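Asker: Following this line is structure-v6.cif, made up of mmCIF, C-alpha atoms and all ligand atoms:
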```cif
data_protein
#
loop_
_atom_site.label_atom_id
_atom_site.label_comp_id
_atom_site.auth_asym_id
_atom_site.auth_seq_id
_atom_site.Cartn_x
_atom_site.Cartn_y
_atom_site.Cartn_z
CA MET A 1 242.65 46.63 74.93
CA THR A 2 243.17 47.96 78.40
CA THR A 3 243.11 51.60 79.31
CA GLN A 4 245.18 50.88 82.39
CA ARG A 5 248.28 53.05 82.62
CA LEU A 6 251.65 51.36 82.33
CA VAL A 7 255.02 52.29 83.76
CA VAL A 8 257.79 50.42 81.94
CA ALA A 9 261.06 50.55 83.86
CA LEU A 10 264.23 49.60 82.00
CA LEU A 11 266.63 49.31 84.93
CA ASP A 12 269.94 49.54 83.14
CA GLY A 13 272.56 47.08 84.37
CA LEU A 14 270.42 45.50 87.12
CA GLY A 15 271.37 41.82 86.74
CA VAL A 16 269.58 39.19 88.82
CA ASP A 17 272.51 38.87 91.24
CA CYS A 18 272.47 42.61 91.79
CA PHE A 19 268.69 42.74 92.28
CA THR A 20 268.55 39.84 94.72
CA GLY A 21 271.64 41.00 96.62
CA SER A 22 270.59 44.63 97.04
CA PRO A 23 268.29 46.41 99.49
CA MET A 24 265.26 46.84 97.21
CA PRO A 25 262.37 45.88 99.54
CA ALA A 26 259.61 47.64 97.57
CA LEU A 27 260.47 45.99 94.25
CA LYS A 28 260.92 42.63 95.94
CA ALA A 29 257.51 42.96 97.60
CA MET A 30 255.98 43.78 94.22
CA ALA A 31 257.74 40.75 92.73
CA GLY A 32 256.22 38.62 95.50
CA LYS A 33 252.69 39.95 94.93
CA GLY A 34 252.81 40.18 91.15
CA PHE A 35 254.61 38.16 88.46
CA TYR A 36 258.35 37.63 88.74
CA LYS A 37 260.73 35.54 86.67
CA GLN A 38 264.44 35.39 85.99
CA VAL A 39 264.82 35.71 82.22
CA LYS A 40 267.61 36.13 79.67
CA ALA A 41 268.85 39.33 78.10
CA VAL A 42 269.39 39.56 74.37
CA THR A 43 272.97 38.92 73.17
CA PRO A 44 275.25 40.86 72.98
CA THR A 45 274.43 42.05 76.49
CA VAL A 46 274.83 45.75 75.76
CA THR A 47 272.26 48.50 76.20
CA ASN A 48 270.91 49.49 72.79
CA VAL A 49 270.12 46.06 71.44
CA ASN A 50 268.34 45.17 74.69
CA ASN A 51 266.64 48.53 75.16
CA VAL A 52 265.25 48.39 71.62
CA SER A 53 264.20 44.76 72.08
CA VAL A 54 262.27 45.71 75.23
CA CYS A 55 260.79 48.91 73.77
CA CYS A 56 259.66 47.07 70.61
CA GLY A 57 258.90 43.69 72.17
CA ALA A 58 260.87 42.21 69.28
CA TRP A 59 264.10 40.35 68.47
CA PRO A 60 267.13 42.08 66.94
CA ASP A 61 266.59 40.36 63.57
CA GLU A 62 263.15 41.98 63.57
CA HIS A 63 263.96 45.49 64.82
CA GLY A 64 267.38 45.76 63.15
CA ILE A 65 269.49 47.11 66.03
CA SER A 66 272.45 44.84 66.74
CA ALA A 67 274.46 46.82 69.32
CA ASN A 68 275.44 50.34 70.34
CA SER A 69 277.43 50.74 67.10
CA TYR A 70 277.80 49.05 63.73
CA PHE A 71 280.54 48.83 61.11
CA ASP A 72 279.76 51.16 58.23
CA ALA A 73 281.46 49.43 55.30
CA ALA A 74 281.14 52.51 53.07
CA SER A 75 283.24 54.71 55.37
CA GLY A 76 285.29 51.85 56.83
CA GLN A 77 284.46 53.22 60.30
CA ALA A 78 282.20 52.38 63.20
CA ALA A 79 279.00 54.41 63.48
CA TYR A 80 276.56 54.81 66.37
CA MET A 81 273.33 52.86 66.18
CA ASN A 82 271.22 55.54 67.81
CA SER A 83 268.79 56.60 65.13
CA ALA A 84 265.03 56.01 65.16
CA ASP A 85 265.25 55.54 61.39
CA MET A 86 267.24 52.34 61.94
CA VAL A 87 264.48 50.71 64.01
CA ARG A 88 262.57 48.48 61.59
CA VAL A 89 259.44 47.72 63.64
CA GLU A 90 257.04 49.78 65.72
CA THR A 91 257.95 50.77 69.24
CA LEU A 92 255.62 50.26 72.16
CA PHE A 93 254.73 53.96 71.82
CA GLN A 94 253.70 53.52 68.21
CA ARG A 95 251.68 50.38 68.88
CA ALA A 96 249.93 52.07 71.83
CA LEU A 97 249.17 55.22 69.84
CA LYS A 98 247.41 53.18 67.16
CA GLN A 99 244.98 52.14 69.90
CA GLY A 100 244.59 55.70 71.11
CA THR A 101 247.05 55.51 74.01
CA SER A 102 249.78 58.14 74.17
CA GLY A 103 253.25 57.40 75.47
CA ALA A 104 256.13 59.29 77.05
CA LEU A 105 259.83 58.53 77.42
CA LEU A 106 262.07 59.57 80.30
CA THR A 107 265.69 58.52 80.17
CA SER A 108 269.01 59.40 81.69
CA LYS A 109 270.75 58.99 78.32
CA LYS A 110 270.08 61.11 75.26
CA LYS A 111 270.77 58.18 72.91
CA THR A 112 267.49 56.62 74.06
CA VAL A 113 265.61 59.73 72.93
CA GLU A 114 267.33 59.47 69.54
CA LEU A 115 266.05 55.90 69.22
CA PHE A 116 262.50 56.17 70.59
CA HIS A 117 261.29 59.75 70.29
CA LYS A 118 258.89 59.02 67.41
CA ASP A 119 255.18 59.24 68.27
CA THR A 120 255.71 60.13 71.92
CA VAL A 121 253.97 63.10 73.53
CA LEU A 122 257.05 63.68 75.66
CA SER A 123 260.59 62.46 75.17
CA VAL A 124 263.14 63.76 77.64
CA ALA A 125 266.73 62.81 78.46
CA ALA A 126 268.03 64.04 81.79
CA GLU A 127 271.38 64.48 80.12
CA ALA A 128 269.88 67.11 77.83
CA ALA A 129 266.85 68.28 79.79
CA PRO A 130 264.68 71.03 78.26
CA THR A 131 264.53 74.39 80.04
CA GLU A 132 261.01 73.87 81.39
CA PHE A 133 262.13 70.63 83.07
CA VAL A 134 265.16 72.32 84.61
CA GLU A 135 262.89 75.09 85.94
CA ARG A 136 260.36 72.66 87.36
CA TYR A 137 262.64 69.93 88.75
CA GLY A 138 266.03 71.59 89.09
CA ALA A 139 269.14 70.96 87.00
CA PRO A 140 269.72 67.24 86.44
CA PRO A 141 272.92 65.83 87.97
CA ASP A 142 275.81 64.73 85.77
CA ILE A 143 275.33 61.73 83.44
CA TYR A 144 278.20 60.02 85.29
CA SER A 145 276.39 59.92 88.62
CA ALA A 146 273.88 57.84 90.57
CA GLU A 147 271.90 61.00 91.30
CA ILE A 148 270.78 61.40 87.68
CA ASN A 149 268.62 58.30 88.16
CA TYR A 150 267.03 59.88 91.26
CA TRP A 151 266.19 62.99 89.26
CA LEU A 152 264.64 60.82 86.58
CA TRP A 153 262.33 58.90 88.92
CA THR A 154 261.32 62.11 90.72
CA VAL A 155 260.22 63.48 87.35
CA ALA A 156 258.47 60.18 86.58
CA ALA A 157 256.43 60.41 89.81
CA ASP A 158 255.39 63.97 89.01
CA ILE A 159 254.39 63.08 85.44
CA LEU A 160 252.30 60.20 86.71
CA LYS A 161 250.54 62.66 89.03
CA SER A 162 250.14 65.57 86.63
CA ARG A 163 249.68 63.86 83.25
CA PRO A 164 247.03 61.13 83.58
CA ASP A 165 246.58 61.40 79.80
CA ILE A 166 249.89 59.57 79.33
CA GLY A 167 249.06 55.86 79.10
CA VAL A 168 252.55 54.44 78.72
CA LEU A 169 255.52 55.91 80.59
CA TYR A 170 258.90 54.33 79.74
CA VAL A 171 261.67 55.13 82.20
CA HIS A 172 265.27 54.21 81.34
CA THR A 173 267.98 54.77 83.95
CA THR A 174 271.76 54.66 83.47
CA ASP A 175 274.05 51.79 84.55
CA TYR A 176 276.89 54.10 85.54
CA PRO A 177 276.46 53.13 89.23
CA MET A 178 276.68 49.41 88.35
CA HIS A 179 279.90 50.00 86.41
CA ARG A 180 281.29 52.03 89.25
CA TRP A 181 280.42 49.82 92.23
CA SER A 182 279.96 46.12 92.91
CA PRO A 183 276.59 45.27 94.53
CA GLU A 184 278.21 45.01 98.00
CA GLU A 185 279.82 48.45 97.95
CA GLN A 186 278.19 51.32 99.80
CA GLY A 187 277.71 53.38 96.63
CA SER A 188 275.65 50.60 95.07
CA LEU A 189 273.67 49.94 98.27
CA ASP A 190 272.81 53.63 98.50
CA HIS A 191 271.91 53.88 94.81
CA LEU A 192 269.62 50.87 94.66
CA SER A 193 267.89 51.48 97.95
CA ARG A 194 267.16 55.07 96.89
CA LEU A 195 266.02 53.91 93.46
CA ASP A 196 263.72 51.38 95.13
CA THR A 197 262.16 54.10 97.30
CA LEU A 198 261.69 56.43 94.33
CA ILE A 199 260.08 53.72 92.20
CA GLU A 200 257.74 52.94 95.12
CA GLU A 201 256.83 56.63 95.37
CA ALA A 202 256.24 56.84 91.62
CA THR A 203 253.92 53.83 91.65
CA ALA A 204 252.14 55.20 94.74
CA ALA A 205 251.51 58.38 92.76
CA ALA A 206 249.59 56.28 90.22
CA PRO A 207 247.83 53.47 92.09
CA ASP A 208 245.86 52.60 88.95
CA ALA A 209 249.04 51.98 86.93
CA ALA A 210 250.87 48.68 86.43
CA LEU A 211 254.64 48.46 86.79
CA PHE A 212 256.54 46.50 84.15
CA ALA A 213 260.23 46.27 85.07
CA VAL A 214 263.19 44.51 83.49
CA ALA A 215 266.91 45.00 82.91
CA ASP A 216 268.99 45.15 79.74
CA HIS A 217 271.96 43.20 81.13
CA GLY A 218 273.90 42.43 84.29
CA MET A 219 277.45 43.46 85.15
CA ASN A 220 280.66 41.68 86.16
CA ARG A 221 284.16 42.54 87.25
CA LYS A 222 286.55 42.06 84.30
CA THR A 223 290.24 41.37 84.68
CA ARG A 224 291.68 41.34 81.16
CA CYS A 225 291.11 43.02 77.82
CA TRP A 226 292.27 41.90 74.37
CA ASP A 227 292.59 44.13 71.30
CA LEU A 228 291.79 41.46 68.71
CA ALA A 229 292.84 43.56 65.70
CA ARG A 230 296.33 43.91 67.21
CA VAL A 231 296.41 40.28 68.30
CA CYS A 232 295.59 39.01 64.80
CA ALA A 233 297.91 41.48 63.04
CA SER A 234 300.88 40.51 65.18
CA ARG A 235 300.21 36.85 64.35
CA GLY A 236 300.22 37.48 60.62
CA VAL A 237 296.52 38.01 59.76
CA SER A 238 295.29 41.56 59.41
CA LEU A 239 291.56 42.06 60.04
CA ARG A 240 289.34 44.41 58.08
CA PHE A 241 287.70 45.63 61.26
CA ALA A 242 287.09 44.67 64.88
CA LEU A 243 284.16 46.21 66.72
CA SER A 244 283.13 46.20 70.34
CA PRO A 245 279.32 46.18 70.44
CA GLU A 246 279.62 48.45 73.49
CA ARG A 247 281.09 51.36 71.47
CA ASP A 248 279.06 54.30 72.71
CA TYR A 249 279.08 58.02 73.63
CA TYR A 250 279.57 57.07 77.24
CA ILE A 251 283.13 55.88 77.54
CA VAL A 252 284.13 57.05 81.01
CA HIS A 253 282.84 53.96 82.84
CA HIS A 254 283.87 51.13 80.52
CA ARG A 255 286.28 52.51 77.84
CA ASN A 256 283.97 50.82 75.28
CA PHE A 257 285.27 47.37 76.22
CA ALA A 258 282.72 44.53 75.98
CA GLY A 259 282.59 40.81 76.70
CA SER A 260 282.05 40.05 73.02
CA CYS A 261 283.50 41.31 69.74
CA TRP A 262 282.68 41.25 66.03
CA LEU A 263 285.43 40.68 63.49
CA TRP A 264 285.27 41.48 59.76
CA LEU A 265 287.78 39.58 57.62
CA ARG A 266 289.80 40.97 54.72
CA ASP A 267 289.36 37.68 52.91
CA PRO A 268 287.02 34.75 53.61
CA SER A 269 290.04 32.44 53.48
CA ASP A 270 291.37 34.09 56.68
CA ARG A 271 288.54 32.63 58.68
CA SER A 272 290.09 29.50 60.11
CA ALA A 273 293.38 31.25 60.94
CA VAL A 274 291.55 34.03 62.80
CA GLU A 275 289.38 31.53 64.59
CA THR A 276 292.43 29.53 65.70
CA ILE A 277 294.23 32.67 66.91
CA CYS A 278 291.23 33.85 68.94
CA ARG A 279 290.50 30.43 70.40
CA GLY A 280 294.09 30.29 71.64
CA LEU A 281 293.70 33.41 73.80
CA GLU A 282 293.16 33.18 77.53
CA GLY A 283 289.55 34.09 78.31
CA VAL A 284 288.04 33.42 74.88
CA GLU A 285 285.08 31.13 75.40
CA ASP A 286 283.77 30.72 71.87
CA VAL A 287 284.20 31.93 68.28
CA ILE A 288 281.15 31.57 66.05
CA THR A 289 280.25 32.51 62.50
CA ARG A 290 277.82 35.21 61.47
CA GLU A 291 275.30 32.54 60.50
CA GLU A 292 275.51 30.86 63.88
CA ALA A 293 275.19 34.21 65.68
CA MET A 294 272.09 34.98 63.61
CA ARG A 295 270.58 31.63 64.49
CA ARG A 296 271.53 31.47 68.17
CA PHE A 297 270.95 35.10 69.11
CA ARG A 298 268.53 36.23 66.39
CA LEU A 299 270.86 39.04 65.33
CA PRO A 300 270.49 40.99 62.06
CA GLY A 301 273.12 39.54 59.71
CA ASP A 302 273.75 42.77 57.83
CA TYR A 303 275.29 44.47 60.86
CA ILE A 304 277.37 41.81 62.56
CA GLY A 305 280.86 40.61 61.67
CA ASP A 306 282.04 37.52 59.83
CA LEU A 307 282.95 36.11 63.24
CA MET A 308 281.66 36.76 66.76
CA VAL A 309 284.06 36.22 69.66
CA LEU A 310 282.60 35.57 73.11
CA GLY A 311 284.62 36.16 76.25
CA ASP A 312 284.45 34.31 79.54
CA LYS A 313 283.22 36.03 82.69
CA ASP A 314 286.54 37.86 83.25
CA THR A 315 287.38 38.96 79.72
CA VAL A 316 286.53 41.93 77.52
CA PHE A 317 287.62 43.17 74.08
CA GLY A 318 288.28 46.63 72.70
CA ASP A 319 290.63 49.08 71.03
CA MET A 320 293.81 49.73 72.99
CA GLU A 321 297.42 50.80 72.54
CA ARG A 322 298.55 47.23 73.12
CA GLU A 323 297.37 43.66 72.55
CA ARG A 324 296.45 42.90 76.12
CA GLU A 325 295.85 44.82 79.27
CA ASP A 326 295.26 43.63 82.79
CA LEU A 327 292.43 45.76 84.10
CA PRO A 328 292.30 47.50 87.48
CA PRO A 329 290.29 45.82 90.29
CA ALA A 330 287.44 48.32 89.95
CA PHE A 331 286.80 47.61 86.26
CA ARG A 332 283.25 46.35 85.68
CA ALA A 333 281.57 45.74 82.33
CA HIS A 334 279.19 43.53 80.35
CA GLY A 335 278.58 42.26 76.82
CA SER A 336 279.20 38.51 77.27
CA LEU A 337 276.84 35.61 77.93
CA HIS A 338 277.72 35.97 81.63
CA GLU A 339 275.62 39.13 81.99
CA SER A 340 272.47 37.52 80.57
CA ASP A 341 270.43 36.79 83.70
CA VAL A 342 268.00 39.61 84.42
CA PRO A 343 264.88 40.06 86.56
CA LEU A 344 261.47 40.55 84.95
CA LEU A 345 258.65 41.86 87.12
CA ILE A 346 255.03 42.82 86.49
CA HIS A 347 252.95 44.29 89.28
CA GLY A 348 249.42 45.65 89.41
CA TRP A 349 248.37 44.47 85.95
CA GLN A 350 244.61 43.98 85.99
CA ASN A 351 244.46 41.94 82.79
CA PRO A 352 245.36 38.36 81.97
CA LEU A 353 249.06 37.63 81.50
CA PRO A 354 250.52 35.03 79.14
CA GLU A 355 251.67 31.77 80.76
CA SER A 356 254.95 31.89 82.64
CA GLU A 357 256.65 29.87 79.86
CA TYR A 358 256.01 32.77 77.47
CA PHE A 359 258.54 34.93 79.30
CA THR A 360 262.00 33.65 78.35
CA HIS A 361 263.74 36.95 77.50
CA ASN A 362 263.51 40.57 78.62
CA LEU A 363 261.78 41.54 75.35
CA HIS A 364 258.73 39.50 76.38
CA LEU A 365 257.98 42.13 78.99
CA THR A 366 256.16 44.18 76.34
CA SER A 367 255.71 41.87 73.34
CA PHE A 368 252.15 40.90 74.34
CA LEU A 369 250.97 44.47 74.89
CA PHE A 370 248.94 46.46 72.34
ZN ZN A 401 273.00 49.02 79.79
#
```
Translate this file's structure into structure tokens.
Answerer:
Amino acid sequence: MTTQRLVVALLDGLGVDCFTGSPMPALKAMAGKGFYKQVKAVTPTVTNVNNVSVCCGAWPDEHGISANSYFDAASGQAAYMNSADMVRVETLFQRALKQGTSGALLTSKKKTVELFHKDTVLSVAAEAAPTEFVERYGAPPDIYSAEINYWLWTVAADILKSRPDIGVLYVHTTDYPMHRWSPEEQGSLDHLSRLDTLIEEATAAAPDAALFAVADHGMNRKTRCWDLARVCASRGVSLRFALSPERDYYIVHHRNFAGSCWLWLRDPSDRSAVETICRGLEGVEDVITREEAMRRFRLPGDYIGDLMVLGDKDTVFGDMEREREDLPPAFRAHGSLHESDVPLLIHGWQNPLPESEYFTHNLHLTSFLF
């Protein structure tokens, strides 16, 4: 196995349309010189299930993480899916360590540390930076900012310079800027051009290292939201539970609404009525069973609902005070099949790569390593 250093960049929320339409000359040049392919994200297109798939190089039915939250039947409540103990396979860090390569994690979000901290020599979230990092790099900006990603990549460049013993550096940004701005808006142009420069500086700090970059999902403007528990109840069928796979600590930018939803039935005989109700709603693209979701998306059956509802490009689902809400023009979110196209890029790798056909999903970025 190689001793070449790796930088794995999980660029949160950077869909293909956003990457190609944004001023990111350094990454685009690397894509031109190295390996580049448009691949699919894992469904549902929310962060945890994709982040874990990339960090483990495995499918959800292998690693066991289905979303940002799951329905805990014992308590009857939703619970966060942010614990390393829930990950059923080895992470990239654990696989690398077995071959004598140590790994480090830098992330904007503390939930990523909760998931991947095991067997890392360093595991730091900007959101909860340790004192020595604050002293060395300054206080990290707020989690709801573009600047927190700049802080993160500045730290990454310094670690690449000062810690050559770290063989795998995983850097996970936040998608707050993608929620906040469309790719054409100045805020997004500024964010991605700065990010591009910082990633170029980080890779220049470690000319021996290879860059492996991919995204967890894209992002789209959403115009309507349905609360499916309220919808079904008002039409005579009460659900046991409805869960947005986006349910997360970070609610400011998306109110936990997602382009897909899991429904748990009170009684199996409610299935066709619930399916008919959901299919009748504007913006519902498909309603599939747990078994079909397991087969099509390789999801772990023990965590997903009896039914999975998929929205069209404009539609999200979530808990609200009413059945339906028309969303403000600035509302941007993900979670449907329409946020599945993501860029995958490998640059500077001095070893053989699998054939291009091997790379169909973002998780294949790391599945052949170690
Ligand atoms: Zn994300």
Asker: Could you check the closest approach to ligand ZN 401 (chain A) for each of A:Leu14, A:Val287, A:Val39, A:Ile346 and tell me which residue wins, using all atoms listed in the file?
Answerer: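 Selected residue with least distance to ligand ZN 401 (chain A): A:Leu14.
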Asker: Grab me every residue within 10 Å of ligand ZN 401 (chain A), counting all atoms listed in the file, and send it over as an MDAnalysis selection string.
Answerer: chainID A and resid 10:14 45:51 68 172:176 178:179 215:219 246 333:335
Asker: Considering only C-alpha atoms, state which residue in the set A:Ala84, A:Ile159, A:Ala9, A:Leu189 is at the smallest distance from Ser22 (chain A).
Answerer: A:Leu189
Asker: Determine, counting only C-alpha atoms, every residue of protein, DNA or RNA that lies within 12 Å of (254.7, 50.6, 81.2) in the file coordinates, then give the result as a ChimeraX atom specification.
Answerer: /A:3-10,54-55,92-93,96,101-106,156,160,166-172,203,206,208-214,345-349,365-367,369-370
Asker: Quick one: everything within 12 Å of Thr276 (chain A), counting all atoms listed in the file, minus sequence neighbours fewer than 4 positions away in the same chain. Send it as a ChimeraX atom specification.
Answerer: /A:231-232,235,237,270-272,280-281,284,286-288,307,309
Asker: Can you work out which one of A:Ala330, A:Ile148, A:Ile65, A:Leu239 has the shortest atom-to-atom distance to Asp302 (chain A), counting only C-alpha atoms?
Answerer: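 Of the candidates, the smallest distance to Asp302 (chain A) is held by A:Ile65.
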Asker: So which one's closest to Gly21 (chain A), A:Ser182, A:Ser145, A:Ser53, A:Thr131? Using all atoms listed in the file, please.
Answerer: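 So, comparing all the options, the nearest one is A:Ser182.
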Asker: Compare A:Trp226, A:Trp59, A:Trp181, A:Phe133 by their minimum atom-to-atom distance to Arg324 (chain A), counting all atoms listed in the file, and give me the closest one.
Answerer: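 Among A:Trp226, A:Trp59, A:Trp181, A:Phe133, it is A:Trp226 that comes nearest to Arg324 (chain A).
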Asker: Rounded to one decimal place, report the CA of Pro183 (chain A)-CA of Phe317 (chain A) distance in Å.
Answerer: 23.3 Å
Asker: Using all atoms listed in the file, pick whichever of A:His117, A:His361, A:Lys110, A:Arg180 has the shortest atom-to-atom distance to Gln94 (chain A).
Answerer: A:His117
Asker: Would you pick out the contacts of Asn220 (chain A) at 8 Å or less, using all atoms listed in the file, so that residues sharing its chain but fewer than 5 positions from it are not included, and give the list as a list in words?
Answerer: Lys313, Asp314, Arg332, Ala333, His334, His338 and Glu339 of chain A
Asker: Please report the interatomic distance between CA of Ala233 (chain A) and CA of Ala273 (chain A) in Å with one decimal.
Answerer: 11.4 Å
Asker: Please return the centre and edge lengths, in Å to one decimal, of a box with edges along x, y and z that contains all listed atoms of region 166-178 of chain A, widened by 4 Å on every side, as JSON.
Answerer:
```
{"center_x": 263.0, "center_y": 54.5, "center_z": 84.0, "size_x": 35.8, "size_y": 18.2, "size_z": 18.5}
```
Asker: Work out how far apart CA of Arg230 (chain A) and CA of Ile304 (chain A) are and give it in Å to one decimal.
Answerer: 19.6 Å
Asker: Got a sec: who's within 9 Å of Thr20 (chain A), counting all atoms listed in the file, leaving out chain neighbours fewer than 5 positions off, as a list in words?
Answerer: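 So, after excluding close chain neighbours, the residues are Gly15, Lys28 and Pro343 of chain A.
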Asker: For Trp153 (chain A), list every protein, DNA or RNA residue within 8 Å, evaluated using only C-alpha atoms, and leave out those in the same chain fewer than 6 positions away; present the list as number ranges by chain.
Answerer: A: 171, 195, 198-199, 202
Asker: Using C-alpha atoms, can you write the selected residues to a file as a PDB file, in the coordinates of the input?
Answerer:
```
ATOM      1  CA  VAL A 171     261.670  55.130  82.200  1.00  0.00           C
ATOM      2  CA  LEU A 195     266.020  53.910  93.460  1.00  0.00           C
ATOM      3  CA  LEU A 198     261.690  56.430  94.330  1.00  0.00           C
ATOM      4  CA  ILE A 199     260.080  53.720  92.200  1.00  0.00           C
ATOM      5  CA  ALA A 202     256.240  56.840  91.620  1.00  0.00           C
TER       6      ALA A 202
END
```
Asker: Excluding Val87 (chain A) and its own-chain neighbours fewer than 2 positions away, which residues fall within 10 Å of it when counting all atoms listed in the file? Please give them as a count of residues only.
Answerer: 17
